[in-house]
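Peer 1: Dropping a structure here in structure tokens format, bear with me for questions.
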Amino acid sequence: AEPKKIQLLSMSGFTVLEESDGVSYRMMAETDAPYVIPAVSKAFDEGEPTTKTGGSTSADMTAFCTMFIPRMHEMSVLATDSRDGSIVGAFLCQDYSNPDPEEEYAGFMAGLEGDWMPCLTAISECEEAFNTSFGVPPESKPAGKWFQLWNVGVDPAWRGRGIGKKLTELAVKVAKDKGYEVAFGICSDAISTKIMTAHNGATADHFVPYESWEGCETAECLRSLPAQGHAGMSLCVIRLWGESKRSARSSPGGD
């Protein structure tokens, strides 16, 4: 009860991006992290097929979110209940130059109860494909170029109301408004892939087929996912600015 009370008191300090159907959408602030972690951990735990099929537990997902979410304020978009400010969904985003939390990551991997290797190895393959296509240097990535649409989740009780679609639309708008050239997300399920490609103009630039991919020793656990409607993991890329627009923005006096 106490976290919700604190959250209610702090709601007046946020700028709402949009309100619709009883949901307020706003940017995530640094002080939101303690409330975002449990809310989105639950959503990700129930909605992420590649970790669930590997036996991931709610504790695994909470540890994962605790490691990453505090780094993502001012880039991420939250969906909150307009009545009380409680968090019902989020699209977590970051600048791709943000370094991975390597020390925390080692502890996370050592403490996992489920098998995350198929998920993490497939993600790494998609990131390598992105790096190759866009000339991303292996170290010291420049900031302000690539906006990573990291993960989207909606509380199960609030699904079916278009919240994930609206979060994605607003996250892409944030990327464009901030001047990023490219926004990209790695989608592991059918719904997020459709939202990115059919509704936000993304192209699937790389694809990991669950029925045949053999990128790690335990990839066999992914074979059941196509029957659940998840064909594979897609690198979804949105090119936010054309060449002429980028040239105008980077030239003297460009805006």
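Ordering of the structure tokens sets the chain letters (A, B, ...); residue numbers start at 1 within each chain; ligands are numbered from 1 in the order shown.
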Taking the backbone alone, and naming residues the way the document does, which bits of stretch 69-247 of chain A are strand (DSSP E or B) by DSSP, as a count of residues only?
Peer 2: 44
Peer 1: Based on the backbone DSSP call, show me all residues of stretch 4-220 of chain A assigned alpha helix (DSSP H), as a ChimeraX atom specification.
Peer 2: /A:4-10,33-47,49-52,58-68,102-111,117-134,163-177,190-200
Peer 1: For A:Ser133, find every residue with an atom within 12 Å (counting only C-alpha atoms), except residues of its own chain fewer than 4 positions away, and show them as a PyMOL selection string.
Peer 2: chain A and resi 126-129+137+182+205-206+235+237
Peer 1: Using only C-alpha atoms, pick whichever of A:Met61, A:Gly47, A:Gly229, A:Val77 has the shortest atom-to-atom distance to A:Asp32.
Peer 2: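 Nearest to A:Asp32: A:Val77.
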Peer 1: Which residue is closest to A:Ala219? Choose from A:Gly89, A:Gly107, A:Pro156, A:Gly232 and count only C-alpha atoms.
Peer 2: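 The answer is A:Gly232, which sits nearest to A:Ala219.
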Peer 1: Need to verify the contact set: A:Gly144, 10 Å, only C-alpha atoms, exclusion of same-chain residues closer than 5 positions in sequence. Can you return it as a PyMOL selection string?
Peer 2: chain A and resi 95-97+175+178-182
Peer 1: Include all heavy atoms and write out the residues we just selected as an mmCIF file, in the first residue's frame.
Peer 2:
```
data_model
loop_
_atom_site.group_PDB
_atom_site.id
_atom_site.type_symbol
_atom_site.label_atom_id
_atom_site.label_comp_id
_atom_site.auth_asym_id
_atom_site.auth_seq_id
_atom_site.Cartn_x
_atom_site.Cartn_y
_atom_site.Cartn_z
ATOM 1 N N ASP A 95 19.179 4.528 -24.955
ATOM 2 C CA ASP A 95 20.148 4.801 -26.007
ATOM 3 C C ASP A 95 21.023 3.563 -26.149
ATOM 4 O O ASP A 95 21.495 3.002 -25.162
ATOM 5 C CB ASP A 95 20.994 6.020 -25.617
ATOM 6 C CG ASP A 95 21.851 6.539 -26.764
ATOM 7 O OD1 ASP A 95 22.685 5.758 -27.274
ATOM 8 O OD2 ASP A 95 21.709 7.715 -27.132
ATOM 9 N N TYR A 96 21.239 3.117 -27.383
ATOM 10 C CA TYR A 96 21.989 1.880 -27.616
ATOM 11 C C TYR A 96 23.437 1.993 -27.142
ATOM 12 O O TYR A 96 24.119 0.982 -26.970
ATOM 13 C CB TYR A 96 21.938 1.540 -29.098
ATOM 14 C CG TYR A 96 22.404 0.142 -29.454
ATOM 15 C CD1 TYR A 96 22.088 -0.956 -28.662
ATOM 16 C CD2 TYR A 96 23.155 -0.080 -30.610
ATOM 17 C CE1 TYR A 96 22.503 -2.233 -29.002
ATOM 18 C CE2 TYR A 96 23.567 -1.352 -30.963
ATOM 19 C CZ TYR A 96 23.240 -2.429 -30.153
ATOM 20 O OH TYR A 96 23.653 -3.693 -30.501
ATOM 21 N N SER A 97 23.914 3.208 -26.899
ATOM 22 C CA SER A 97 25.275 3.383 -26.415
ATOM 23 C C SER A 97 25.401 3.051 -24.925
ATOM 24 O O SER A 97 26.511 2.955 -24.397
ATOM 25 C CB SER A 97 25.745 4.821 -26.640
ATOM 26 O OG SER A 97 25.021 5.724 -25.820
ATOM 27 N N ALA A 175 11.568 8.664 -29.695
ATOM 28 C CA ALA A 175 12.833 8.490 -30.417
ATOM 29 C C ALA A 175 12.980 9.522 -31.524
ATOM 30 O O ALA A 175 14.047 10.128 -31.700
ATOM 31 C CB ALA A 175 12.915 7.078 -30.997
ATOM 32 N N LYS A 178 13.509 13.084 -30.216
ATOM 33 C CA LYS A 178 14.852 13.269 -29.665
ATOM 34 C C LYS A 178 15.930 13.284 -30.749
ATOM 35 O O LYS A 178 17.112 13.490 -30.450
ATOM 36 C CB LYS A 178 15.162 12.170 -28.640
ATOM 37 C CG LYS A 178 14.407 12.320 -27.325
ATOM 38 C CD LYS A 178 14.771 11.207 -26.353
ATOM 39 C CE LYS A 178 14.097 11.398 -24.997
ATOM 40 N NZ LYS A 178 14.634 12.540 -24.245
ATOM 41 N N GLY A 179 15.528 13.063 -32.000
ATOM 42 C CA GLY A 179 16.461 13.175 -33.105
ATOM 43 C C GLY A 179 17.225 11.917 -33.467
ATOM 44 O O GLY A 179 18.205 11.976 -34.211
ATOM 45 N N TYR A 180 16.790 10.762 -32.976
ATOM 46 C CA TYR A 180 17.473 9.517 -33.322
ATOM 47 C C TYR A 180 17.238 9.165 -34.788
ATOM 48 O O TYR A 180 16.170 9.432 -35.346
ATOM 49 C CB TYR A 180 16.979 8.378 -32.433
ATOM 50 C CG TYR A 180 17.556 8.420 -31.045
ATOM 51 C CD1 TYR A 180 16.981 9.210 -30.053
ATOM 52 C CD2 TYR A 180 18.691 7.684 -30.725
ATOM 53 C CE1 TYR A 180 17.515 9.272 -28.775
ATOM 54 C CE2 TYR A 180 19.236 7.740 -29.447
ATOM 55 C CZ TYR A 180 18.650 8.524 -28.484
ATOM 56 O OH TYR A 180 19.185 8.586 -27.224
ATOM 57 N N GLU A 181 18.234 8.574 -35.409
ATOM 58 C CA GLU A 181 18.125 8.163 -36.808
ATOM 59 C C GLU A 181 17.352 6.863 -36.961
ATOM 60 O O GLU A 181 16.635 6.662 -37.946
ATOM 61 C CB GLU A 181 19.528 7.989 -37.413
ATOM 62 C CG GLU A 181 20.348 9.269 -37.447
ATOM 63 C CD GLU A 181 21.750 9.034 -37.982
ATOM 64 O OE1 GLU A 181 22.027 7.909 -38.467
ATOM 65 O OE2 GLU A 181 22.571 9.969 -37.922
ATOM 66 N N VAL A 182 17.527 5.970 -36.007
ATOM 67 C CA VAL A 182 16.946 4.629 -36.102
ATOM 68 C C VAL A 182 16.415 4.221 -34.732
ATOM 69 O O VAL A 182 17.037 4.487 -33.703
ATOM 70 C CB VAL A 182 18.003 3.604 -36.561
ATOM 71 C CG1 VAL A 182 17.453 2.181 -36.493
ATOM 72 C CG2 VAL A 182 18.477 3.916 -37.974
#
```
Peer 1: Between A:Thr132, A:Ser24, A:Ser82, A:Thr66, which one has atoms that come closest to A:Tyr105, using only C-alpha atoms?
Peer 2: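 The answer is A:Thr66, which sits nearest to A:Tyr105.
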